file entry-v4.txt (compact mmCIF, C-alpha atoms)
# COMPACT_ATOMS: atom_id res chain seq x y z
CA MET F 1 -60.56 -35.49 -14.27
CA ILE F 2 -63.97 -33.91 -14.39
CA GLU F 3 -63.96 -30.14 -14.07
CA THR F 4 -65.95 -29.23 -10.99
CA ARG F 5 -68.28 -26.29 -11.41
CA ARG F 6 -70.39 -27.05 -8.38
CA ASP F 7 -68.76 -24.35 -6.29
CA VAL F 8 -68.04 -21.86 -9.05
CA ARG F 9 -69.62 -18.55 -8.17
CA ALA F 10 -72.34 -17.71 -10.66
CA PHE F 11 -73.32 -14.38 -9.17
CA ARG F 12 -71.54 -11.18 -8.23
CA ALA F 13 -72.01 -10.28 -4.59
CA ASP F 14 -73.41 -6.80 -5.16
CA ALA F 15 -77.07 -6.16 -4.45
CA ILE F 16 -79.63 -5.71 -7.21
CA PRO F 17 -80.86 -2.09 -7.06
CA ASP F 18 -84.51 -1.82 -6.10
CA ASP F 19 -85.53 -0.19 -9.37
CA THR F 20 -83.87 -2.96 -11.38
CA LEU F 21 -85.61 -5.63 -9.34
CA LEU F 22 -88.95 -3.84 -9.72
CA ARG F 23 -88.52 -3.69 -13.51
CA ILE F 24 -87.86 -7.43 -13.54
CA LEU F 25 -90.84 -8.20 -11.30
CA GLY F 26 -92.94 -5.79 -13.36
CA ALA F 27 -92.15 -7.78 -16.50
CA ALA F 28 -93.14 -10.96 -14.70
CA HIS F 29 -96.37 -9.34 -13.53
CA HIS F 30 -97.18 -8.41 -17.15
CA ALA F 31 -97.25 -12.05 -18.23
CA PRO F 32 -100.44 -13.27 -19.84
CA SER F 33 -102.77 -15.14 -17.49
CA VAL F 34 -105.94 -17.16 -17.89
CA GLY F 35 -108.95 -14.90 -17.37
CA PHE F 36 -106.50 -12.11 -16.41
CA MET F 37 -106.25 -14.00 -13.12
CA GLN F 38 -102.69 -12.87 -12.27
CA PRO F 39 -102.42 -15.76 -9.80
CA TRP F 40 -98.76 -15.16 -8.95
CA ASN F 41 -96.93 -13.72 -5.97
CA PHE F 42 -93.23 -13.01 -5.67
CA ILE F 43 -91.60 -13.66 -2.31
CA VAL F 44 -88.30 -11.76 -2.33
CA ILE F 45 -85.80 -13.38 0.02
CA ARG F 46 -82.54 -11.86 1.22
CA ASP F 47 -82.40 -13.21 4.78
CA ALA F 48 -79.34 -15.44 5.32
CA ASP F 49 -81.13 -17.75 7.73
CA THR F 50 -83.98 -18.39 5.28
CA LYS F 51 -81.49 -19.13 2.51
CA GLN F 52 -79.64 -21.55 4.81
CA GLN F 53 -82.86 -23.45 5.46
CA VAL F 54 -83.62 -23.70 1.74
CA ALA F 55 -80.03 -24.76 1.01
CA ALA F 56 -80.28 -27.47 3.65
CA SER F 57 -83.44 -28.78 2.02
CA PHE F 58 -81.69 -28.76 -1.35
CA ALA F 59 -78.69 -30.66 0.06
CA GLU F 60 -80.96 -33.36 1.46
CA GLU F 61 -82.98 -33.83 -1.73
CA ASN F 62 -79.90 -33.60 -3.93
CA ALA F 63 -78.19 -36.41 -2.00
CA ARG F 64 -81.28 -38.53 -2.67
CA ALA F 65 -81.30 -37.58 -6.37
CA ALA F 66 -77.58 -38.33 -6.80
CA ARG F 67 -78.17 -41.98 -5.93
CA HIS F 68 -79.78 -42.48 -9.36
CA TYR F 69 -76.38 -42.12 -11.05
CA GLN F 70 -73.35 -44.40 -11.05
CA GLY F 71 -69.72 -44.18 -12.13
CA GLU F 72 -68.77 -41.40 -14.50
CA ARG F 73 -72.32 -40.14 -14.66
CA ALA F 74 -72.36 -39.80 -10.87
CA ALA F 75 -69.07 -37.90 -10.93
CA LEU F 76 -70.39 -35.60 -13.63
CA TYR F 77 -73.63 -35.06 -11.71
CA ASP F 78 -71.64 -34.16 -8.61
CA SER F 79 -69.58 -31.61 -10.56
CA LEU F 80 -72.57 -29.67 -11.91
CA LYS F 81 -73.65 -26.27 -10.70
CA LEU F 82 -77.22 -26.99 -9.60
CA GLU F 83 -77.94 -24.16 -7.17
CA GLY F 84 -76.70 -20.76 -6.02
CA ILE F 85 -79.02 -20.27 -3.06
CA ILE F 86 -76.59 -18.80 -0.54
CA GLU F 87 -74.39 -16.85 -2.92
CA ALA F 88 -77.20 -15.16 -4.85
CA PRO F 89 -78.00 -11.77 -3.31
CA VAL F 90 -81.69 -12.40 -3.90
CA ASN F 91 -83.84 -15.52 -4.00
CA ILE F 92 -87.38 -15.28 -5.34
CA CYS F 93 -90.13 -17.81 -4.75
CA VAL F 94 -92.85 -17.50 -7.38
CA THR F 95 -96.17 -18.88 -6.19
CA CYS F 96 -99.59 -19.59 -7.68
CA ASP F 97 -102.74 -18.71 -5.71
CA ARG F 98 -105.16 -21.35 -6.89
CA THR F 99 -108.16 -19.52 -5.43
CA ARG F 100 -107.54 -16.06 -6.89
CA GLY F 101 -110.40 -14.68 -8.94
CA GLY F 102 -112.98 -16.87 -7.22
CA PRO F 103 -114.51 -20.18 -8.29
CA HIS F 104 -115.17 -19.28 -11.95
CA VAL F 105 -112.13 -17.81 -13.62
CA LEU F 106 -112.81 -17.07 -17.28
CA GLY F 107 -111.19 -19.71 -19.45
CA ARG F 108 -110.29 -21.97 -16.54
CA ASN F 109 -113.28 -24.27 -16.66
CA THR F 110 -111.83 -27.30 -18.45
CA ILE F 111 -108.09 -27.20 -17.76
CA VAL F 112 -107.78 -26.06 -14.15
CA ASP F 113 -103.99 -26.03 -14.17
CA THR F 114 -103.99 -23.03 -16.51
CA ASP F 115 -103.37 -20.91 -13.40
CA ILE F 116 -100.07 -22.74 -12.91
CA TYR F 117 -99.33 -22.41 -16.63
CA SER F 118 -99.85 -18.64 -16.32
CA THR F 119 -97.47 -18.52 -13.37
CA CYS F 120 -94.81 -20.29 -15.44
CA CYS F 121 -95.23 -17.66 -18.17
CA ALA F 122 -94.51 -15.06 -15.47
CA VAL F 123 -91.35 -16.95 -14.49
CA GLU F 124 -90.14 -16.94 -18.09
CA ASN F 125 -90.86 -13.22 -18.41
CA LEU F 126 -88.89 -12.65 -15.20
CA TRP F 127 -86.01 -14.69 -16.58
CA LEU F 128 -85.83 -12.81 -19.88
CA ALA F 129 -86.24 -9.38 -18.30
CA ALA F 130 -83.46 -10.24 -15.85
CA ARG F 131 -81.16 -11.27 -18.72
CA ALA F 132 -81.71 -7.91 -20.36
CA GLU F 133 -80.46 -6.25 -17.14
CA GLY F 134 -77.35 -8.46 -16.88
CA VAL F 135 -79.02 -10.36 -14.07
CA GLY F 136 -78.75 -14.15 -14.06
CA VAL F 137 -81.50 -16.46 -12.87
CA GLY F 138 -81.21 -20.09 -11.79
CA TRP F 139 -84.31 -22.19 -11.13
CA VAL F 140 -83.68 -24.64 -8.29
CA SER F 141 -86.06 -27.55 -8.75
CA ILE F 142 -84.46 -29.99 -6.30
CA LEU F 143 -86.61 -28.84 -3.39
CA THR F 144 -89.89 -30.09 -2.05
CA ILE F 145 -93.12 -28.14 -2.07
CA GLU F 146 -93.57 -29.07 1.59
CA ALA F 147 -90.19 -27.60 2.59
CA LEU F 148 -90.89 -24.38 0.72
CA ARG F 149 -94.32 -24.09 2.34
CA ARG F 150 -92.81 -24.63 5.79
CA ILE F 151 -89.80 -22.30 5.42
CA LEU F 152 -91.72 -19.47 3.71
CA ALA F 153 -95.03 -19.84 5.61
CA ILE F 154 -96.94 -20.50 2.39
CA PRO F 155 -100.57 -21.62 2.97
CA GLU F 156 -101.98 -24.86 1.55
CA SER F 157 -104.04 -23.10 -1.14
CA ILE F 158 -100.89 -21.54 -2.59
CA LEU F 159 -98.53 -23.58 -4.75
CA PRO F 160 -94.86 -22.63 -4.75
CA VAL F 161 -94.04 -23.04 -8.46
CA ALA F 162 -90.47 -21.80 -8.81
CA TYR F 163 -87.57 -21.07 -6.49
CA LEU F 164 -85.14 -18.75 -8.22
CA CYS F 165 -81.60 -17.63 -7.41
CA VAL F 166 -81.10 -14.12 -8.76
CA GLY F 167 -78.10 -11.82 -9.03
CA PHE F 168 -75.82 -10.04 -11.47
CA ALA F 169 -74.20 -12.82 -13.46
CA ARG F 170 -70.43 -13.21 -13.46
CA GLU F 171 -70.74 -14.73 -16.93
CA PHE F 172 -73.43 -15.90 -19.31
CA LEU F 173 -72.58 -19.24 -20.88
CA ASP F 174 -73.05 -19.55 -24.63
CA GLN F 175 -74.80 -22.89 -24.09
CA PRO F 176 -76.82 -24.34 -21.23
CA GLU F 177 -74.46 -25.84 -18.63
CA LEU F 178 -75.90 -29.33 -19.17
CA GLN F 179 -75.20 -29.11 -22.90
CA ARG F 180 -71.71 -27.69 -22.48
CA ARG F 181 -70.78 -30.38 -19.96
CA GLY F 182 -72.06 -33.20 -22.15
CA TRP F 183 -74.95 -34.19 -19.91
CA ALA F 184 -77.50 -33.88 -22.73
CA ASP F 185 -77.72 -32.58 -26.30
CA ARG F 186 -80.06 -30.03 -27.76
CA LEU F 187 -82.65 -31.74 -29.94
CA PRO F 188 -82.75 -30.60 -33.58
CA LEU F 189 -85.63 -28.16 -33.99
CA GLN F 190 -87.17 -30.16 -36.82
CA GLU F 191 -87.41 -33.19 -34.56
CA VAL F 192 -89.86 -31.45 -32.21
CA ILE F 193 -92.13 -30.05 -34.94
CA PHE F 194 -95.06 -32.08 -36.21
CA ASN F 195 -97.41 -31.29 -39.04
CA GLU F 196 -101.20 -31.36 -38.56
CA ARG F 197 -101.18 -34.16 -35.97
CA TRP F 198 -98.93 -35.96 -33.48
CA GLY F 199 -96.02 -37.82 -35.07
CA GLU F 200 -96.40 -36.45 -38.61
CA LYS F 201 -93.19 -34.90 -39.86
CA ARG F 202 -93.18 -31.75 -41.93
CA ALA F 203 -92.88 -32.12 -45.65
CA PRO F 204 -89.22 -31.50 -46.60
CA MET M 205 -125.26 -1.74 -25.56
CA ILE M 206 -122.22 -3.88 -25.09
CA GLU M 207 -119.70 -3.67 -27.91
CA THR M 208 -119.31 -7.14 -29.37
CA ARG M 209 -115.78 -8.14 -30.15
CA ARG M 210 -116.47 -11.86 -30.37
CA ASP M 211 -116.41 -11.88 -34.16
CA VAL M 212 -113.84 -9.15 -34.68
CA ARG M 213 -111.03 -10.50 -36.82
CA ALA M 214 -107.82 -10.56 -34.80
CA PHE M 215 -105.61 -11.93 -37.56
CA ARG M 216 -104.77 -10.98 -41.10
CA ALA M 217 -105.49 -13.77 -43.55
CA ASP M 218 -102.02 -13.97 -45.07
CA ALA M 219 -99.85 -16.97 -44.28
CA ILE M 220 -96.89 -16.77 -41.95
CA PRO M 221 -93.72 -17.33 -44.02
CA ASP M 222 -91.93 -20.55 -43.12
CA ASP M 223 -88.75 -18.78 -41.99
CA THR M 224 -90.75 -16.51 -39.68
CA LEU M 225 -92.56 -19.48 -38.16
CA LEU M 226 -89.28 -21.34 -37.72
CA ARG M 227 -87.73 -18.37 -35.92
CA ILE M 228 -90.72 -18.29 -33.57
CA LEU M 229 -90.59 -22.05 -32.95
CA GLY M 230 -86.82 -21.82 -32.56
CA ALA M 231 -87.24 -19.26 -29.77
CA ALA M 232 -89.73 -21.58 -28.08
CA HIS M 233 -87.31 -24.49 -28.43
CA HIS M 234 -84.59 -22.42 -26.73
CA ALA M 235 -86.64 -22.11 -23.55
CA PRO M 236 -85.01 -23.36 -20.37
CA SER M 237 -86.07 -26.85 -19.33
CA VAL M 238 -85.55 -29.03 -16.28
CA GLY M 239 -82.50 -31.25 -16.83
CA PHE M 240 -82.34 -29.89 -20.42
CA MET M 241 -85.27 -32.24 -21.01
CA GLN M 242 -86.84 -30.21 -23.86
CA PRO M 243 -90.13 -32.07 -23.33
CA TRP M 244 -92.09 -30.04 -25.86
CA ASN M 245 -93.43 -30.69 -29.33
CA PHE M 246 -95.14 -28.22 -31.61
CA ILE M 247 -97.98 -29.51 -33.77
CA VAL M 248 -98.48 -26.97 -36.54
CA ILE M 249 -102.05 -27.05 -37.82
CA ARG M 250 -103.33 -25.44 -41.00
CA ASP M 251 -105.93 -27.98 -42.09
CA ALA M 252 -109.44 -26.48 -42.18
CA ASP M 253 -111.14 -29.69 -41.10
CA THR M 254 -108.93 -30.04 -38.04
CA LYS M 255 -109.59 -26.43 -37.08
CA GLN M 256 -113.33 -27.01 -37.48
CA GLN M 257 -113.18 -29.94 -35.08
CA VAL M 258 -111.27 -27.89 -32.51
CA ALA M 259 -113.68 -24.97 -32.96
CA ALA M 260 -116.63 -27.30 -32.39
CA SER M 261 -115.08 -28.53 -29.16
CA PHE M 262 -114.53 -24.94 -28.08
CA ALA M 263 -118.15 -24.03 -28.85
CA GLU M 264 -119.42 -26.91 -26.73
CA GLU M 265 -117.21 -26.13 -23.73
CA ASN M 266 -117.79 -22.42 -24.04
CA ALA M 267 -121.56 -22.87 -23.91
CA ARG M 268 -121.03 -24.81 -20.69
CA ALA M 269 -118.71 -22.11 -19.28
CA ALA M 270 -121.11 -19.29 -20.16
CA ARG M 271 -123.74 -20.72 -17.80
CA HIS M 272 -121.69 -19.49 -14.84
CA TYR M 273 -122.56 -15.88 -15.65
CA GLN M 274 -125.84 -14.00 -15.38
CA GLY M 275 -127.25 -10.68 -16.56
CA GLU M 276 -124.75 -8.03 -17.62
CA ARG M 277 -121.81 -10.27 -16.84
CA ALA M 278 -123.25 -12.92 -19.17
CA ALA M 279 -123.72 -10.35 -21.93
CA LEU M 280 -120.17 -9.13 -21.46
CA TYR M 281 -118.85 -12.70 -21.47
CA ASP M 282 -120.68 -13.36 -24.70
CA SER M 283 -119.18 -10.26 -26.32
CA LEU M 284 -115.56 -11.20 -25.62
CA LYS M 285 -113.11 -12.43 -28.22
CA LEU M 286 -112.10 -15.79 -26.73
CA GLU M 287 -110.80 -17.67 -29.75
CA GLY M 288 -109.61 -17.24 -33.33
CA ILE M 289 -109.28 -20.88 -34.28
CA ILE M 290 -110.73 -20.79 -37.79
CA GLU M 291 -109.54 -17.35 -38.81
CA ALA M 292 -105.92 -17.79 -37.70
CA PRO M 293 -103.77 -19.05 -40.58
CA VAL M 294 -101.91 -21.31 -38.17
CA ASN M 295 -102.85 -23.09 -34.97
CA ILE M 296 -100.11 -24.60 -32.82
CA CYS M 297 -100.64 -27.22 -30.15
CA VAL M 298 -97.73 -27.26 -27.70
CA THR M 299 -97.39 -30.58 -25.92
CA CYS M 300 -95.33 -32.02 -23.07
CA ASP M 301 -93.83 -35.51 -23.38
CA ARG M 302 -93.82 -36.68 -19.79
CA THR M 303 -91.50 -39.61 -20.56
CA ARG M 304 -88.78 -37.76 -22.45
CA GLY M 305 -85.29 -38.20 -21.03
CA GLY M 306 -86.17 -41.46 -19.28
CA PRO M 307 -87.17 -42.14 -15.68
CA HIS M 308 -84.53 -39.94 -13.99
CA VAL M 309 -84.46 -36.45 -15.45
CA LEU M 310 -81.93 -34.27 -13.63
CA GLY M 311 -83.72 -31.89 -11.29
CA ARG M 312 -87.10 -33.57 -11.72
CA ASN M 313 -87.01 -35.84 -8.71
CA THR M 314 -89.14 -33.89 -6.23
CA ILE M 315 -91.45 -31.75 -8.35
CA VAL M 316 -92.42 -33.93 -11.29
CA ASP M 317 -94.51 -31.25 -12.99
CA THR M 318 -91.37 -29.28 -13.80
CA ASP M 319 -91.61 -30.80 -17.28
CA ILE M 320 -94.94 -29.03 -17.72
CA TYR M 321 -93.47 -25.85 -16.22
CA SER M 322 -90.68 -26.01 -18.82
CA THR M 323 -93.23 -26.40 -21.60
CA CYS M 324 -95.03 -23.28 -20.38
CA CYS M 325 -91.73 -21.36 -20.54
CA ALA M 326 -91.50 -22.46 -24.18
CA VAL M 327 -95.03 -21.15 -24.79
CA GLU M 328 -94.10 -17.76 -23.34
CA ASN M 329 -90.94 -17.63 -25.46
CA LEU M 330 -93.06 -18.43 -28.51
CA TRP M 331 -95.48 -15.66 -27.58
CA LEU M 332 -92.80 -13.01 -27.15
CA ALA M 333 -90.86 -14.03 -30.26
CA ALA M 334 -94.09 -13.89 -32.26
CA ARG M 335 -94.82 -10.39 -30.96
CA ALA M 336 -91.42 -9.23 -32.17
CA GLU M 337 -92.40 -10.44 -35.67
CA GLY M 338 -95.79 -8.68 -35.63
CA VAL M 339 -97.45 -12.04 -35.12
CA GLY M 340 -100.25 -12.29 -32.58
CA VAL M 341 -100.88 -15.33 -30.42
CA GLY M 342 -104.07 -16.28 -28.60
CA TRP M 343 -104.11 -19.15 -26.11
CA VAL M 344 -107.44 -20.98 -26.24
CA SER M 345 -107.96 -22.65 -22.89
CA ILE M 346 -111.65 -23.52 -23.25
CA LEU M 347 -110.95 -26.95 -24.71
CA THR M 348 -110.60 -30.35 -23.11
CA ILE M 349 -107.41 -32.37 -23.04
CA GLU M 350 -109.44 -35.37 -24.23
CA ALA M 351 -110.73 -33.54 -27.31
CA LEU M 352 -107.25 -32.35 -28.24
CA ARG M 353 -105.86 -35.87 -27.81
CA ARG M 354 -108.61 -37.27 -30.02
CA ILE M 355 -108.49 -34.65 -32.78
CA LEU M 356 -104.68 -34.49 -32.98
CA ALA M 357 -103.94 -38.19 -32.30
CA ILE M 358 -101.91 -37.33 -29.20
CA PRO M 359 -100.94 -40.40 -27.12
CA GLU M 360 -101.78 -40.77 -23.42
CA SER M 361 -98.21 -40.12 -22.25
CA ILE M 362 -98.22 -36.72 -23.95
CA LEU M 363 -100.02 -33.78 -22.35
CA PRO M 364 -101.41 -31.09 -24.66
CA VAL M 365 -100.49 -27.96 -22.68
CA ALA M 366 -101.45 -25.07 -24.94
CA TYR M 367 -103.58 -24.58 -28.03
CA LEU M 368 -102.52 -21.40 -29.79
CA CYS M 369 -104.07 -19.35 -32.59
CA VAL M 370 -101.28 -17.66 -34.52
CA GLY M 371 -101.22 -15.10 -37.31
CA PHE M 372 -100.15 -11.59 -38.22
CA ALA M 373 -102.12 -9.35 -35.87
CA ARG M 374 -104.49 -6.75 -37.27
CA GLU M 375 -103.83 -4.70 -34.13
CA PHE M 376 -102.11 -5.06 -30.81
CA LEU M 377 -104.23 -3.74 -27.96
CA ASP M 378 -102.51 -1.46 -25.44
CA GLN M 379 -104.13 -3.44 -22.64
CA PRO M 380 -105.30 -7.04 -22.30
CA GLU M 381 -108.81 -7.37 -23.73
CA LEU M 382 -110.23 -8.40 -20.34
CA GLN M 383 -108.81 -5.26 -18.74
CA ARG M 384 -109.93 -2.93 -21.51
CA ARG M 385 -113.45 -4.36 -21.42
CA GLY M 386 -113.76 -4.04 -17.66
CA TRP M 387 -113.85 -7.75 -16.94
CA ALA M 388 -110.96 -7.54 -14.46
CA ASP M 389 -108.34 -5.03 -13.30
CA ARG M 390 -104.60 -5.36 -13.24
CA LEU M 391 -103.39 -5.83 -9.67
CA PRO M 392 -100.93 -3.20 -8.41
CA LEU M 393 -97.41 -4.67 -8.62
CA GLN M 394 -96.70 -3.98 -4.95
CA GLU M 395 -99.70 -6.08 -4.00
CA VAL M 396 -98.15 -9.25 -5.41
CA ILE M 397 -94.69 -8.77 -3.88
CA PHE M 398 -93.93 -10.18 -0.45
CA ASN M 399 -90.80 -9.74 1.62
CA GLU M 400 -88.98 -12.74 3.09
CA ARG M 401 -92.10 -14.87 3.61
CA TRP M 402 -95.72 -15.24 2.50
CA GLY M 403 -97.94 -12.30 3.37
CA GLU M 404 -95.19 -9.93 4.55
CA LYS M 405 -95.35 -6.62 2.73
CA ARG M 406 -92.22 -4.80 1.64
CA ALA M 407 -91.02 -1.99 3.83
CA PRO M 408 -92.23 1.30 2.33

call {"tool": "encode", "arguments": {"input": "entry-v4.txt", "output": "structure tokens"}}
result
Amino acid sequence: MIETRRDVRAFRADAIPDDTLLRILGAAHHAPSVGFMQPWNFIVIRDADTKQQVAASFAEENARAARHYQGERAALYDSLKLEGIIEAPVNICVTCDRTRGGPHVLGRNTIVDTDIYSTCCAVENLWLAARAEGVGVGWVSILTIEALRRILAIPESILPVAYLCVGFAREFLDQPELQRRGWADRLPLQEVIFNERWGEKRAP
Amino acid sequence: MIETRRDVRAFRADAIPDDTLLRILGAAHHAPSVGFMQPWNFIVIRDADTKQQVAASFAEENARAARHYQGERAALYDSLKLEGIIEAPVNICVTCDRTRGGPHVLGRNTIVDTDIYSTCCAVENLWLAARAEGVGVGWVSILTIEALRRILAIPESILPVAYLCVGFAREFLDQPELQRRGWADRLPLQEVIFNERWGEKRAP
């Protein structure tokens, strides 16, 4: 029997106090950004109907994704906790305004996606600041950009980068869920470090 | 007269001890990743010739970028500290292996760039862990992906995401350089927060 964690509650039901949430968003807003562009916005969602729409979009895309797995792997996939959209007291959509700062953003002349990279740094800051407050964050990636744009009225020039479920955590696992459940292993650190150029291993 | 900080040394010359660097890379490696994909690699560069090649590529692209500015803005641009490639004892190129984990990475079915997003989370972890060690990090974005691939022998399936200059910091500024120098202002936090959907301001 595979232990099902899909419906385990990850979050406590109590609201996040405004000052706590503002500290977390403040940490995100203090992320580094290319040309000090600060291309991010944070859409804070508490409305049950909005969450239901996002959850429905997840369910549809997740059913599609599940078809890639067979047998035991399919059963394990089905048992995983992959979203907490409805149960989380707060959802946050982090977006990237690709036009902010005008046509010539300092440092964004050769690699234009550095605005998105900056937005991801803000997401990681948010995640770590939340952890320090006892607040858990889950990034739901099984959603489409189109659905998020439609549900949250996000214009075409704005990219929804991350959809986050946020609330006081009932527990913090000592390993990522996918590691603990045997879905994948952590790579040894030395395996991901190269010396001087791609593929060259460090001297022992 | 505009104060020139372009040639101010940002880093001390002393090497980063191996255990310190491994702690910093370990923090990066513990970033969250889609489907526990861990798509990153860290190419640690100390070779003077390699740094010279990267610095030459920066100089070329920076000359091109500088043409977008005129008058006082051009003088200010020219005075900014935008790289520390040669002076930093260590450079680190953080890459994203877009094929890691095979064709079906859990959670990466609708938004395929989530591997890159994960890599950016690793960069931010690296940055913060470095700060805690007194180590400064500068992200040089005025480089081309093609030049990095050529200089560091990075294959086509691997995306160089970030090129970082790393070393013990001579000082940590209390504001981002671009803010302190009047290039751009920090946006008020409330301006980047929306309520429930795009464009809706929080209730006062």

call {"tool": "interface_residues", "arguments": {"input": "entry-v4.txt", "of": "chain M", "to": "chain F", "cutoff": "6 Å", "atoms": "only C-alpha atoms", "output": "list in words"}}
result
Asn245, Phe246, Ile247, Val248, Ile249, Gly311, Thr314, Tyr321, Cys324, Cys325, Glu328, Ser345, Ile346, Thr348, Leu356, Ala357, Ile358, Val396, Ile397, Phe398, Asn399, Glu400, Arg401 and Trp402 of chain M

call {"tool": "write_last_selection", "arguments": {"input": "entry-v4.txt", "atoms": "C-alpha atoms", "output": "mmCIF file, keeping the file's coordinate frame"}}
result
data_model
loop_
_atom_site.group_PDB
_atom_site.id
_atom_site.type_symbol
_atom_site.label_atom_id
_atom_site.label_comp_id
_atom_site.auth_asym_id
_atom_site.auth_seq_id
_atom_site.Cartn_x
_atom_site.Cartn_y
_atom_site.Cartn_z
ATOM 1 C CA ASN M 245 -93.430 -30.690 -29.330
ATOM 2 C CA PHE M 246 -95.140 -28.220 -31.610
ATOM 3 C CA ILE M 247 -97.980 -29.510 -33.770
ATOM 4 C CA VAL M 248 -98.480 -26.970 -36.540
ATOM 5 C CA ILE M 249 -102.050 -27.050 -37.820
ATOM 6 C CA GLY M 311 -83.720 -31.890 -11.290
ATOM 7 C CA THR M 314 -89.140 -33.890 -6.230
ATOM 8 C CA TYR M 321 -93.470 -25.850 -16.220
ATOM 9 C CA CYS M 324 -95.030 -23.280 -20.380
ATOM 10 C CA CYS M 325 -91.730 -21.360 -20.540
ATOM 11 C CA GLU M 328 -94.100 -17.760 -23.340
ATOM 12 C CA SER M 345 -107.960 -22.650 -22.890
ATOM 13 C CA ILE M 346 -111.650 -23.520 -23.250
ATOM 14 C CA THR M 348 -110.600 -30.350 -23.110
ATOM 15 C CA LEU M 356 -104.680 -34.490 -32.980
ATOM 16 C CA ALA M 357 -103.940 -38.190 -32.300
ATOM 17 C CA ILE M 358 -101.910 -37.330 -29.200
ATOM 18 C CA VAL M 396 -98.150 -9.250 -5.410
ATOM 19 C CA ILE M 397 -94.690 -8.770 -3.880
ATOM 20 C CA PHE M 398 -93.930 -10.180 -0.450
ATOM 21 C CA ASN M 399 -90.800 -9.740 1.620
ATOM 22 C CA GLU M 400 -88.980 -12.740 3.090
ATOM 23 C CA ARG M 401 -92.100 -14.870 3.610
ATOM 24 C CA TRP M 402 -95.720 -15.240 2.500
#

call {"tool": "atom_distance", "arguments": {"input": "entry-v4.txt", "atom1": "CA of Ile290 in chain M", "atom2": "CA of Gly275 in chain M"}}
result
28.7 Å

call {"tool": "atom_distance", "arguments": {"input": "entry-v4.txt", "atom1": "CA of Ala10 in chain F", "atom2": "CA of Glu171 in chain F"}}
result
7.1 Å

call {"tool": "axis_aligned_box", "arguments": {"input": "entry-v4.txt", "around": "range 191-200 of chain F", "padding_each_side": "4 Å", "output": "lines of an AutoDock Vina configuration file"}}
result
center_x = -94.3
center_y = -33.9
center_z = -35.6
size_x = 21.8
size_y = 15.8
size_z = 14.8

call {"tool": "atom_distance", "arguments": {"input": "entry-v4.txt", "atom1": "CA of Gly288 in chain M", "atom2": "CA of Ile206 in chain M"}}
result
20.1 Å

call {"tool": "residues_around", "arguments": {"input": "entry-v4.txt", "residues": "Ala219 in chain M", "least_positions_apart": "6", "cutoff": "8 Å", "atoms": "all atoms listed in the file", "output": "number ranges by chain"}}
result
M: 293-294, 371
